[in-house]
>>> print(open('query-v5.cif').read())   # mmCIF, N, CA and C atoms
data_model
#
loop_
_atom_site.label_atom_id
_atom_site.label_comp_id
_atom_site.auth_asym_id
_atom_site.auth_seq_id
_atom_site.Cartn_x
_atom_site.Cartn_y
_atom_site.Cartn_z
N VAL A 1 -157.45 -28.36 65.81
CA VAL A 1 -157.20 -27.02 66.31
C VAL A 1 -156.98 -26.10 65.13
N GLN A 2 -157.76 -25.07 65.08
CA GLN A 2 -157.59 -24.09 64.02
C GLN A 2 -156.62 -23.03 64.50
N ARG A 3 -155.75 -22.60 63.61
CA ARG A 3 -154.76 -21.62 64.00
C ARG A 3 -154.91 -20.36 63.16
N SER A 4 -154.68 -19.25 63.79
CA SER A 4 -154.68 -17.97 63.13
C SER A 4 -153.26 -17.43 63.24
N GLY A 5 -152.47 -17.57 62.20
CA GLY A 5 -151.07 -17.19 62.30
C GLY A 5 -150.35 -18.14 63.24
N ASN A 6 -149.63 -17.60 64.21
CA ASN A 6 -148.94 -18.42 65.19
C ASN A 6 -149.74 -18.59 66.47
N LEU A 7 -150.90 -17.98 66.54
CA LEU A 7 -151.68 -18.01 67.77
C LEU A 7 -152.78 -19.05 67.67
N SER A 8 -152.90 -19.87 68.70
CA SER A 8 -153.92 -20.90 68.72
C SER A 8 -155.18 -20.35 69.38
N ARG A 9 -156.34 -20.71 68.86
CA ARG A 9 -157.59 -20.28 69.47
C ARG A 9 -157.95 -21.12 70.68
N HIS A 10 -157.49 -22.36 70.70
CA HIS A 10 -157.80 -23.26 71.80
C HIS A 10 -156.53 -23.54 72.57
N PRO A 11 -156.60 -23.55 73.90
CA PRO A 11 -155.39 -23.81 74.67
C PRO A 11 -154.88 -25.22 74.43
N GLN A 12 -153.58 -25.34 74.35
CA GLN A 12 -152.95 -26.63 74.15
C GLN A 12 -152.68 -27.27 75.51
N PRO A 13 -152.51 -28.59 75.54
CA PRO A 13 -152.16 -29.24 76.80
C PRO A 13 -150.87 -28.66 77.34
N MET A 14 -150.85 -28.42 78.65
CA MET A 14 -149.70 -27.79 79.28
C MET A 14 -148.48 -28.69 79.18
N SER A 15 -147.39 -28.15 78.66
CA SER A 15 -146.14 -28.89 78.62
C SER A 15 -145.01 -27.93 78.96
N ILE A 16 -144.00 -28.46 79.60
CA ILE A 16 -142.80 -27.69 79.93
C ILE A 16 -141.64 -28.41 79.28
N ARG A 17 -140.96 -27.70 78.37
CA ARG A 17 -139.86 -28.27 77.59
C ARG A 17 -140.29 -29.52 76.83
N GLY A 18 -141.51 -29.52 76.35
CA GLY A 18 -142.01 -30.62 75.54
C GLY A 18 -142.54 -31.81 76.32
N VAL A 19 -142.54 -31.73 77.66
CA VAL A 19 -143.02 -32.84 78.49
C VAL A 19 -144.40 -32.46 79.02
N ARG A 20 -145.40 -33.25 78.68
CA ARG A 20 -146.75 -33.00 79.20
C ARG A 20 -146.74 -33.16 80.71
N GLN A 21 -147.40 -32.27 81.40
CA GLN A 21 -147.34 -32.25 82.86
C GLN A 21 -148.39 -33.15 83.51
N LEU A 22 -149.54 -33.34 82.88
CA LEU A 22 -150.59 -34.17 83.46
C LEU A 22 -150.34 -35.63 83.12
N LYS A 23 -150.14 -36.45 84.16
CA LYS A 23 -149.94 -37.88 83.95
C LYS A 23 -151.26 -38.63 83.89
N GLY A 24 -152.17 -38.30 84.81
CA GLY A 24 -153.42 -39.05 84.85
C GLY A 24 -154.51 -38.31 85.58
N LEU A 25 -155.75 -38.72 85.30
CA LEU A 25 -156.93 -38.17 85.96
C LEU A 25 -157.69 -39.32 86.59
N THR A 26 -158.16 -39.10 87.81
CA THR A 26 -158.99 -40.08 88.50
C THR A 26 -160.32 -39.42 88.81
N LEU A 27 -161.40 -40.04 88.40
CA LEU A 27 -162.74 -39.57 88.74
C LEU A 27 -163.29 -40.54 89.78
N ARG A 28 -163.39 -40.04 91.01
CA ARG A 28 -163.90 -40.86 92.12
C ARG A 28 -165.34 -40.44 92.37
N TYR A 29 -166.27 -41.42 92.40
CA TYR A 29 -167.70 -41.11 92.51
C TYR A 29 -168.41 -42.22 93.26
N CYS A 30 -169.66 -41.96 93.60
CA CYS A 30 -170.51 -42.95 94.26
C CYS A 30 -171.46 -43.52 93.21
N ASP A 31 -171.70 -44.83 93.24
CA ASP A 31 -172.54 -45.44 92.22
C ASP A 31 -174.03 -45.27 92.46
N TRP A 32 -174.43 -44.73 93.62
CA TRP A 32 -175.86 -44.55 93.84
C TRP A 32 -176.21 -43.18 94.42
N GLY A 33 -175.26 -42.41 94.90
CA GLY A 33 -175.52 -41.12 95.53
C GLY A 33 -176.00 -40.07 94.55
N GLY A 34 -176.86 -39.18 95.01
CA GLY A 34 -177.43 -38.14 94.16
C GLY A 34 -176.41 -37.09 93.74
N SER A 35 -175.40 -36.83 94.59
CA SER A 35 -174.42 -35.81 94.23
C SER A 35 -173.49 -36.28 93.12
N SER A 36 -173.49 -37.58 92.82
CA SER A 36 -172.65 -38.13 91.77
C SER A 36 -173.39 -38.32 90.45
N ARG A 37 -174.60 -37.79 90.34
CA ARG A 37 -175.40 -37.98 89.14
C ARG A 37 -174.69 -37.45 87.89
N GLY A 38 -174.12 -36.25 87.98
CA GLY A 38 -173.41 -35.68 86.85
C GLY A 38 -172.15 -36.46 86.50
N ALA A 39 -171.46 -36.97 87.52
CA ALA A 39 -170.25 -37.77 87.27
C ALA A 39 -170.59 -39.07 86.56
N ARG A 40 -171.68 -39.71 86.97
CA ARG A 40 -172.08 -40.95 86.31
C ARG A 40 -172.49 -40.69 84.86
N ALA A 41 -173.20 -39.59 84.61
CA ALA A 41 -173.59 -39.24 83.24
C ALA A 41 -172.37 -38.92 82.39
N PHE A 42 -171.37 -38.25 82.99
CA PHE A 42 -170.14 -37.93 82.26
C PHE A 42 -169.41 -39.20 81.87
N ILE A 43 -169.34 -40.17 82.78
CA ILE A 43 -168.67 -41.44 82.49
C ILE A 43 -169.41 -42.18 81.38
N GLN A 44 -170.71 -42.17 81.43
CA GLN A 44 -171.50 -42.91 80.45
C GLN A 44 -171.46 -42.27 79.07
N ASP A 45 -171.49 -40.94 79.00
CA ASP A 45 -171.64 -40.26 77.71
C ASP A 45 -170.37 -39.66 77.13
N ASN A 46 -169.46 -39.15 77.97
CA ASN A 46 -168.37 -38.33 77.46
C ASN A 46 -166.96 -38.84 77.75
N LEU A 47 -166.80 -39.74 78.67
CA LEU A 47 -165.45 -40.11 79.11
C LEU A 47 -164.65 -40.80 78.01
N ILE A 48 -165.23 -41.71 77.27
CA ILE A 48 -164.50 -42.43 76.23
C ILE A 48 -164.08 -41.47 75.11
N GLU A 49 -164.95 -40.55 74.75
CA GLU A 49 -164.61 -39.57 73.72
C GLU A 49 -163.45 -38.68 74.18
N TRP A 50 -163.49 -38.24 75.45
CA TRP A 50 -162.42 -37.39 75.98
C TRP A 50 -161.10 -38.17 76.03
N ALA A 51 -161.18 -39.44 76.40
CA ALA A 51 -159.97 -40.26 76.50
C ALA A 51 -159.34 -40.49 75.13
N THR A 52 -160.15 -40.66 74.09
CA THR A 52 -159.58 -40.87 72.76
C THR A 52 -158.95 -39.59 72.22
N LYS A 53 -159.47 -38.43 72.60
CA LYS A 53 -158.87 -37.16 72.17
C LYS A 53 -157.60 -36.83 72.95
N ASN A 54 -157.42 -37.43 74.12
CA ASN A 54 -156.27 -37.15 74.97
C ASN A 54 -155.58 -38.46 75.36
N PRO A 55 -154.92 -39.12 74.40
CA PRO A 55 -154.35 -40.44 74.68
C PRO A 55 -153.16 -40.40 75.64
N ALA A 56 -152.53 -39.25 75.84
CA ALA A 56 -151.37 -39.17 76.73
C ALA A 56 -151.77 -39.16 78.20
N VAL A 57 -153.06 -39.00 78.49
CA VAL A 57 -153.53 -38.91 79.86
C VAL A 57 -154.15 -40.24 80.26
N GLU A 58 -153.66 -40.80 81.36
CA GLU A 58 -154.22 -42.04 81.88
C GLU A 58 -155.47 -41.70 82.69
N ILE A 59 -156.58 -42.37 82.41
CA ILE A 59 -157.84 -42.06 83.08
C ILE A 59 -158.29 -43.27 83.89
N GLU A 60 -158.72 -42.99 85.12
CA GLU A 60 -159.17 -44.04 86.03
C GLU A 60 -160.47 -43.60 86.67
N THR A 61 -161.41 -44.51 86.78
CA THR A 61 -162.64 -44.23 87.52
C THR A 61 -162.67 -45.15 88.73
N VAL A 62 -163.03 -44.57 89.88
CA VAL A 62 -163.04 -45.32 91.14
C VAL A 62 -164.39 -45.11 91.80
N ILE A 63 -165.05 -46.20 92.16
CA ILE A 63 -166.30 -46.10 92.91
C ILE A 63 -165.95 -46.06 94.39
N LYS A 64 -166.40 -45.00 95.06
CA LYS A 64 -166.20 -44.87 96.50
C LYS A 64 -167.55 -44.50 97.09
N ARG A 65 -168.21 -45.46 97.68
CA ARG A 65 -169.57 -45.25 98.19
C ARG A 65 -169.58 -44.26 99.35
N ASN A 66 -170.72 -43.55 99.44
CA ASN A 66 -170.99 -42.59 100.51
C ASN A 66 -170.01 -41.42 100.53
N HIS A 67 -169.45 -41.08 99.38
CA HIS A 67 -168.58 -39.92 99.26
C HIS A 67 -169.02 -39.09 98.06
N HIS A 68 -168.76 -37.78 98.15
CA HIS A 68 -169.06 -36.90 97.02
C HIS A 68 -168.00 -37.12 95.94
N PRO A 69 -168.37 -36.85 94.69
CA PRO A 69 -167.42 -37.08 93.59
C PRO A 69 -166.32 -36.02 93.56
N VAL A 70 -165.11 -36.47 93.20
CA VAL A 70 -163.97 -35.58 93.04
C VAL A 70 -163.19 -36.01 91.80
N VAL A 71 -162.51 -35.04 91.20
CA VAL A 71 -161.58 -35.30 90.11
C VAL A 71 -160.19 -35.02 90.65
N ILE A 72 -159.28 -35.98 90.48
CA ILE A 72 -157.92 -35.85 90.98
C ILE A 72 -156.97 -35.86 89.79
N GLY A 73 -156.22 -34.78 89.65
CA GLY A 73 -155.21 -34.70 88.59
C GLY A 73 -153.85 -35.02 89.16
N GLU A 74 -153.15 -35.96 88.54
CA GLU A 74 -151.81 -36.35 88.98
C GLU A 74 -150.80 -35.81 87.98
N TYR A 75 -149.81 -35.07 88.49
CA TYR A 75 -148.86 -34.38 87.63
C TYR A 75 -147.46 -34.95 87.76
N VAL A 76 -146.61 -34.61 86.81
CA VAL A 76 -145.23 -35.07 86.78
C VAL A 76 -144.49 -34.60 88.03
N ILE A 77 -144.77 -33.40 88.51
CA ILE A 77 -144.05 -32.85 89.66
C ILE A 77 -144.45 -33.54 90.96
N GLY A 78 -145.50 -34.36 90.94
CA GLY A 78 -145.85 -35.16 92.11
C GLY A 78 -146.99 -34.63 92.96
N GLU A 79 -147.37 -33.39 92.79
CA GLU A 79 -148.45 -32.82 93.58
C GLU A 79 -149.79 -33.04 92.89
N PRO A 80 -150.75 -33.69 93.55
CA PRO A 80 -152.07 -33.86 92.93
C PRO A 80 -152.94 -32.62 93.14
N LYS A 81 -153.86 -32.41 92.23
CA LYS A 81 -154.89 -31.37 92.38
C LYS A 81 -156.22 -32.09 92.51
N VAL A 82 -156.95 -31.78 93.58
CA VAL A 82 -158.23 -32.42 93.85
C VAL A 82 -159.33 -31.37 93.70
N ILE A 83 -160.33 -31.67 92.88
CA ILE A 83 -161.43 -30.75 92.63
C ILE A 83 -162.74 -31.45 92.95
N ASN A 84 -163.54 -30.82 93.78
CA ASN A 84 -164.85 -31.34 94.15
C ASN A 84 -165.83 -31.06 93.02
N VAL A 85 -166.50 -32.10 92.53
CA VAL A 85 -167.50 -31.93 91.47
C VAL A 85 -168.87 -32.38 91.96
N GLU A 86 -169.14 -32.12 93.22
CA GLU A 86 -170.42 -32.49 93.84
C GLU A 86 -171.55 -31.71 93.18
N ASN A 87 -172.58 -32.42 92.72
CA ASN A 87 -173.78 -31.85 92.10
C ASN A 87 -173.47 -31.02 90.84
N GLU A 88 -172.35 -31.31 90.18
CA GLU A 88 -171.99 -30.56 88.97
C GLU A 88 -172.61 -31.23 87.74
N SER A 89 -172.82 -30.43 86.71
CA SER A 89 -173.37 -30.95 85.45
C SER A 89 -172.25 -31.60 84.63
N VAL A 90 -172.63 -32.30 83.58
CA VAL A 90 -171.67 -32.94 82.70
C VAL A 90 -170.75 -31.90 82.07
N GLU A 91 -171.30 -30.76 81.68
CA GLU A 91 -170.51 -29.70 81.04
C GLU A 91 -169.46 -29.16 82.01
N ASN A 92 -169.82 -28.97 83.27
CA ASN A 92 -168.86 -28.45 84.25
C ASN A 92 -167.76 -29.47 84.55
N ILE A 93 -168.12 -30.74 84.58
CA ILE A 93 -167.09 -31.77 84.80
C ILE A 93 -166.14 -31.81 83.61
N MET A 94 -166.67 -31.64 82.40
CA MET A 94 -165.82 -31.57 81.21
C MET A 94 -164.87 -30.38 81.29
N LYS A 95 -165.36 -29.24 81.76
CA LYS A 95 -164.51 -28.06 81.92
C LYS A 95 -163.40 -28.30 82.94
N GLU A 96 -163.70 -29.01 84.00
CA GLU A 96 -162.68 -29.33 85.01
C GLU A 96 -161.62 -30.26 84.44
N PHE A 97 -162.03 -31.23 83.64
CA PHE A 97 -161.08 -32.12 82.98
C PHE A 97 -160.15 -31.30 82.08
N GLN A 98 -160.73 -30.38 81.29
CA GLN A 98 -159.93 -29.54 80.39
C GLN A 98 -159.00 -28.64 81.19
N ARG A 99 -159.51 -28.07 82.27
CA ARG A 99 -158.70 -27.15 83.08
C ARG A 99 -157.51 -27.88 83.70
N LEU A 100 -157.73 -29.08 84.20
CA LEU A 100 -156.63 -29.86 84.75
C LEU A 100 -155.62 -30.25 83.67
N ARG A 101 -156.12 -30.57 82.47
CA ARG A 101 -155.23 -30.92 81.37
C ARG A 101 -154.37 -29.74 80.96
N ASN A 102 -154.92 -28.53 81.02
CA ASN A 102 -154.22 -27.34 80.56
C ASN A 102 -153.41 -26.64 81.64
N SER A 103 -153.30 -27.22 82.82
CA SER A 103 -152.51 -26.58 83.88
C SER A 103 -151.23 -27.36 84.12
N SER A 104 -150.28 -26.70 84.76
CA SER A 104 -148.96 -27.31 84.96
C SER A 104 -148.88 -28.15 86.22
N GLY A 105 -149.80 -27.99 87.15
CA GLY A 105 -149.75 -28.74 88.39
C GLY A 105 -149.04 -28.00 89.50
N ARG A 106 -148.44 -26.87 89.20
CA ARG A 106 -147.75 -26.09 90.22
C ARG A 106 -148.75 -25.30 91.04
N LYS A 107 -148.38 -25.03 92.28
CA LYS A 107 -149.22 -24.21 93.14
C LYS A 107 -149.18 -22.78 92.66
N MET A 108 -150.30 -22.10 92.80
CA MET A 108 -150.36 -20.70 92.44
C MET A 108 -149.75 -19.87 93.56
N THR A 109 -148.89 -18.92 93.21
CA THR A 109 -148.29 -18.04 94.21
C THR A 109 -148.75 -16.62 93.93
N ARG A 110 -149.12 -15.95 94.98
CA ARG A 110 -149.59 -14.58 94.83
C ARG A 110 -148.42 -13.63 95.04
N LEU A 111 -148.28 -12.70 94.11
CA LEU A 111 -147.23 -11.70 94.23
C LEU A 111 -147.75 -10.58 95.11
N LYS A 112 -147.00 -10.26 96.16
CA LYS A 112 -147.45 -9.24 97.10
C LYS A 112 -147.20 -7.83 96.59
N LYS A 113 -146.18 -7.67 95.78
CA LYS A 113 -145.85 -6.36 95.24
C LYS A 113 -145.83 -6.45 93.71
N PRO A 114 -146.09 -5.34 93.03
CA PRO A 114 -146.00 -5.38 91.57
C PRO A 114 -144.56 -5.62 91.12
N VAL A 115 -144.39 -6.30 90.01
CA VAL A 115 -143.06 -6.58 89.49
C VAL A 115 -142.56 -5.36 88.73
N LEU A 116 -141.43 -4.84 89.17
CA LEU A 116 -140.83 -3.67 88.55
C LEU A 116 -139.43 -4.04 88.08
N THR A 117 -138.97 -3.37 87.04
CA THR A 117 -137.64 -3.62 86.53
C THR A 117 -136.93 -2.31 86.27
N ARG A 118 -135.61 -2.33 86.42
CA ARG A 118 -134.82 -1.13 86.13
C ARG A 118 -134.51 -1.04 84.64
N THR A 119 -134.62 -2.15 83.94
CA THR A 119 -134.32 -2.17 82.51
C THR A 119 -135.55 -2.62 81.74
N PRO A 120 -136.45 -1.71 81.41
CA PRO A 120 -137.65 -2.11 80.67
C PRO A 120 -137.27 -2.57 79.26
N SER A 121 -138.15 -3.34 78.66
CA SER A 121 -137.90 -3.88 77.34
C SER A 121 -137.86 -2.77 76.30
N ILE A 122 -136.84 -2.83 75.46
CA ILE A 122 -136.75 -1.83 74.39
C ILE A 122 -137.61 -2.22 73.21
N GLN A 123 -138.15 -3.44 73.24
CA GLN A 123 -138.97 -3.91 72.13
C GLN A 123 -140.42 -3.49 72.28
N GLY A 124 -140.81 -3.05 73.44
CA GLY A 124 -142.19 -2.66 73.66
C GLY A 124 -142.99 -3.79 74.29
N VAL A 125 -144.23 -3.50 74.59
CA VAL A 125 -145.11 -4.46 75.23
C VAL A 125 -145.70 -5.39 74.17
N TRP A 126 -145.72 -6.68 74.46
CA TRP A 126 -146.26 -7.66 73.52
C TRP A 126 -147.77 -7.51 73.42
N ASN A 127 -148.27 -7.60 72.20
CA ASN A 127 -149.69 -7.53 71.93
C ASN A 127 -150.02 -8.65 70.94
N PRO A 128 -150.93 -9.56 71.27
CA PRO A 128 -151.19 -10.69 70.36
C PRO A 128 -151.86 -10.30 69.05
N THR A 129 -152.29 -9.06 68.90
CA THR A 129 -152.93 -8.66 67.64
C THR A 129 -151.95 -8.01 66.66
N ILE A 130 -150.65 -8.06 66.95
CA ILE A 130 -149.67 -7.48 66.04
C ILE A 130 -149.62 -8.33 64.77
N PRO A 131 -149.81 -7.72 63.61
CA PRO A 131 -149.80 -8.50 62.35
C PRO A 131 -148.37 -8.79 61.90
N LEU A 132 -147.75 -9.82 62.45
CA LEU A 132 -146.36 -10.14 62.14
C LEU A 132 -146.16 -10.58 60.69
N GLN A 133 -147.19 -11.13 60.06
CA GLN A 133 -147.04 -11.60 58.69
C GLN A 133 -146.85 -10.44 57.72
N ARG A 134 -147.38 -9.27 58.05
CA ARG A 134 -147.31 -8.13 57.13
C ARG A 134 -146.11 -7.23 57.39
N LEU A 135 -145.36 -7.48 58.46
CA LEU A 135 -144.20 -6.64 58.75
C LEU A 135 -143.00 -7.10 57.94
N GLU A 136 -142.21 -6.13 57.48
CA GLU A 136 -141.00 -6.46 56.74
C GLU A 136 -139.81 -6.29 57.67
N PHE A 137 -138.89 -7.25 57.60
CA PHE A 137 -137.73 -7.25 58.46
C PHE A 137 -136.47 -7.18 57.61
N GLU A 138 -135.48 -6.46 58.10
CA GLU A 138 -134.17 -6.45 57.46
C GLU A 138 -133.20 -7.13 58.40
N VAL A 139 -132.43 -8.05 57.87
CA VAL A 139 -131.48 -8.79 58.69
C VAL A 139 -130.08 -8.39 58.26
N GLU A 140 -129.29 -7.96 59.22
CA GLU A 140 -127.91 -7.61 58.95
C GLU A 140 -127.02 -8.63 59.60
N HIS A 141 -125.99 -9.03 58.91
CA HIS A 141 -125.04 -10.01 59.44
C HIS A 141 -123.68 -9.35 59.49
N GLN A 142 -123.10 -9.34 60.69
CA GLN A 142 -121.77 -8.76 60.84
C GLN A 142 -120.82 -9.85 61.32
N THR A 143 -119.65 -9.88 60.76
CA THR A 143 -118.63 -10.82 61.20
C THR A 143 -117.55 -10.06 61.95
N PHE A 144 -117.04 -10.62 62.98
CA PHE A 144 -116.03 -9.96 63.79
C PHE A 144 -114.70 -10.64 63.64
#
>>> encode(input="query-v5.cif", output="structure tokens")
Amino acid sequence: VQRSGNLSRHPQPMSIRGVRQLKGLTLRYCDWGGSSRGARAFIQDNLIEWATKNPAVEIETVIKRNHHPVVIGEYVIGEPKVINVENESVENIMKEFQRLRNSSGRKMTRLKKPVLTRTPSIQGVWNPTIPLQRLEFEVEHQTF
């Protein structure tokens, strides 16, 4: 991972308080069905490489005949995420593996109203392009 200052260009695996959230991934596919063609190619060409780059994730492949392929992400919080990868290419299945690795496993909640506050931040709005390395800071220490 290349870093530019404190900002990473590539998303890191999702962790909360240092605990990785994704426990395991299961790729369920059919060994002869046409909709599982991309899943079989992914297993043959890319799965071992992905597993070696992500040793904290347990990976399982399950043959389930006469069913479309799915990727199941199992998380620490206990809720699985199931994604249909029927007729998907190897690249799209790789993206789904990465997306599941980089998510927390929590359900998405939609906010019905905009979030407003009575006490806005006095520091201003965060912008990732702020050049923090070139800013000079003065630190004052007061004892009481």
>>> resolve_selection(input="query-v5.cif", expression="the PyMOL selection byres ((chain A and resi 71) around 6)", output="number ranges by chain")
A: 26-28, 69-70, 72-73, 81-85
>>> resolve_selection(input="query-v5.cif", expression="the PyMOL selection byres ((chain A and resi 49-62) around 6.5)", output="list in words")
Leu22, Lys23, Gly24, Leu25, Thr26, Leu27, Arg28, Tyr29, Cys30, Asp45, Asn46, Leu47, Ile48, Ile63 and Lys64 of chain A
>>> select_by_dssp(input="query-v5.cif", residues="range 53-122 of chain A", states="strand (DSSP E)", output="JSON, numbers by chain")
{"A": [58, 59, 60, 61, 62, 63, 70, 71, 72, 73, 74, 75, 81, 82, 83, 84]}
>>> resolve_selection(input="query-v5.cif", expression="the PyMOL selection byres ((chain A and resi 89-105) around 5)", output="PyMOL selection string")
chain A and resi 13-14+38+87-88+106-107
>>> atom_distance(input="query-v5.cif", atom1="CA of Arg110 in chain A", atom2="CA of Glu79 in chain A")
18.3 Å
>>> closest_residue(input="query-v5.cif", among="A:Pro131, A:Gln21, A:Asp31, A:Lys112", to="Gly78 in chain A", atoms="only C-alpha atoms")
A:Gln21
>>> select_by_dssp(input="query-v5.cif", residues="range 4-141 of chain A", states="alpha helix (DSSP H)", output="list in words")
Arg37, Gly38, Ala39, Arg40, Ala41, Phe42, Ile43, Gln44, Asp45, Leu47, Ile48, Glu49, Trp50, Ala51, Thr52, Lys53, Val90, Glu91, Asn92, Ile93, Met94, Lys95, Glu96, Phe97, Gln98, Arg99, Leu100 and Arg101 of chain A
>>> atom_distance(input="query-v5.cif", atom1="CA of Gly34 in chain A", atom2="atom C of Pro80 in chain A")
25.1 Å
>>> atom_distance(input="query-v5.cif", atom1="CA of Ile43 in chain A", atom2="CA of Gly18 in chain A")
29.6 Å
>>> decode(input="query-v5.cif", residues="range 38-55 of chain A", atoms="N, CA, C and O atoms", output="mmCIF file, in the first residue's frame")
data_model
loop_
_atom_site.group_PDB
_atom_site.id
_atom_site.type_symbol
_atom_site.label_atom_id
_atom_site.label_comp_id
_atom_site.auth_asym_id
_atom_site.auth_seq_id
_atom_site.Cartn_x
_atom_site.Cartn_y
_atom_site.Cartn_z
ATOM 1 N N GLY A 38 -17.903 -17.810 -14.268
ATOM 2 C CA GLY A 38 -16.980 -16.827 -13.710
ATOM 3 C C GLY A 38 -16.473 -17.228 -12.333
ATOM 4 O O GLY A 38 -15.314 -17.000 -11.993
ATOM 5 N N ALA A 39 -17.345 -17.845 -11.530
ATOM 6 C CA ALA A 39 -16.931 -18.293 -10.196
ATOM 7 C C ALA A 39 -15.891 -19.398 -10.288
ATOM 8 O O ALA A 39 -14.911 -19.411 -9.531
ATOM 9 N N ARG A 40 -16.079 -20.324 -11.216
ATOM 10 C CA ARG A 40 -15.097 -21.398 -11.381
ATOM 11 C C ARG A 40 -13.760 -20.846 -11.865
ATOM 12 O O ARG A 40 -12.692 -21.275 -11.410
ATOM 13 N N ALA A 41 -13.791 -19.881 -12.782
ATOM 14 C CA ALA A 41 -12.553 -19.266 -13.268
ATOM 15 C C ALA A 41 -11.853 -18.488 -12.152
ATOM 16 O O ALA A 41 -10.625 -18.502 -12.043
ATOM 17 N N PHE A 42 -12.639 -17.821 -11.295
ATOM 18 C CA PHE A 42 -12.066 -17.086 -10.168
ATOM 19 C C PHE A 42 -11.370 -18.041 -9.207
ATOM 20 O O PHE A 42 -10.270 -17.769 -8.738
ATOM 21 N N ILE A 43 -11.996 -19.183 -8.931
ATOM 22 C CA ILE A 43 -11.397 -20.173 -8.033
ATOM 23 C C ILE A 43 -10.102 -20.717 -8.636
ATOM 24 O O ILE A 43 -9.091 -20.846 -7.940
ATOM 25 N N GLN A 44 -10.112 -20.979 -9.908
ATOM 26 C CA GLN A 44 -8.947 -21.571 -10.560
ATOM 27 C C GLN A 44 -7.789 -20.585 -10.678
ATOM 28 O O GLN A 44 -6.630 -20.957 -10.487
ATOM 29 N N ASP A 45 -8.078 -19.317 -10.973
ATOM 30 C CA ASP A 45 -7.009 -18.365 -11.286
ATOM 31 C C ASP A 45 -6.658 -17.392 -10.170
ATOM 32 O O ASP A 45 -5.504 -16.987 -10.056
ATOM 33 N N ASN A 46 -7.621 -16.961 -9.356
ATOM 34 C CA ASN A 46 -7.390 -15.834 -8.465
ATOM 35 C C ASN A 46 -7.570 -16.117 -6.975
ATOM 36 O O ASN A 46 -7.134 -15.319 -6.156
ATOM 37 N N LEU A 47 -8.225 -17.186 -6.619
ATOM 38 C CA LEU A 47 -8.587 -17.388 -5.215
ATOM 39 C C LEU A 47 -7.376 -17.583 -4.316
ATOM 40 O O LEU A 47 -7.301 -16.998 -3.234
ATOM 41 N N ILE A 48 -6.404 -18.358 -4.730
ATOM 42 C CA ILE A 48 -5.227 -18.616 -3.891
ATOM 43 C C ILE A 48 -4.423 -17.327 -3.694
ATOM 44 O O ILE A 48 -3.968 -17.040 -2.580
ATOM 45 N N GLU A 49 -4.294 -16.538 -4.738
ATOM 46 C CA GLU A 49 -3.572 -15.268 -4.620
ATOM 47 C C GLU A 49 -4.287 -14.334 -3.654
ATOM 48 O O GLU A 49 -3.662 -13.695 -2.811
ATOM 49 N N TRP A 50 -5.622 -14.255 -3.746
ATOM 50 C CA TRP A 50 -6.390 -13.390 -2.850
ATOM 51 C C TRP A 50 -6.277 -13.882 -1.407
ATOM 52 O O TRP A 50 -6.156 -13.082 -0.481
ATOM 53 N N ALA A 51 -6.294 -15.192 -1.221
ATOM 54 C CA ALA A 51 -6.204 -15.755 0.126
ATOM 55 C C ALA A 51 -4.840 -15.483 0.754
ATOM 56 O O ALA A 51 -4.754 -15.232 1.964
ATOM 57 N N THR A 52 -3.769 -15.523 -0.027
ATOM 58 C CA THR A 52 -2.449 -15.253 0.539
ATOM 59 C C THR A 52 -2.288 -13.778 0.894
ATOM 60 O O THR A 52 -1.567 -13.451 1.836
ATOM 61 N N LYS A 53 -2.952 -12.886 0.168
ATOM 62 C CA LYS A 53 -2.893 -11.459 0.492
ATOM 63 C C LYS A 53 -3.769 -11.106 1.688
ATOM 64 O O LYS A 53 -3.582 -10.058 2.295
ATOM 65 N N ASN A 54 -4.747 -11.946 2.009
ATOM 66 C CA ASN A 54 -5.678 -11.688 3.107
ATOM 67 C C ASN A 54 -5.719 -12.892 4.045
ATOM 68 O O ASN A 54 -6.716 -13.611 4.108
ATOM 69 N N PRO A 55 -4.641 -13.125 4.798
ATOM 70 C CA PRO A 55 -4.578 -14.335 5.627
ATOM 71 C C PRO A 55 -5.544 -14.326 6.807
ATOM 72 O O PRO A 55 -5.831 -15.386 7.368
#
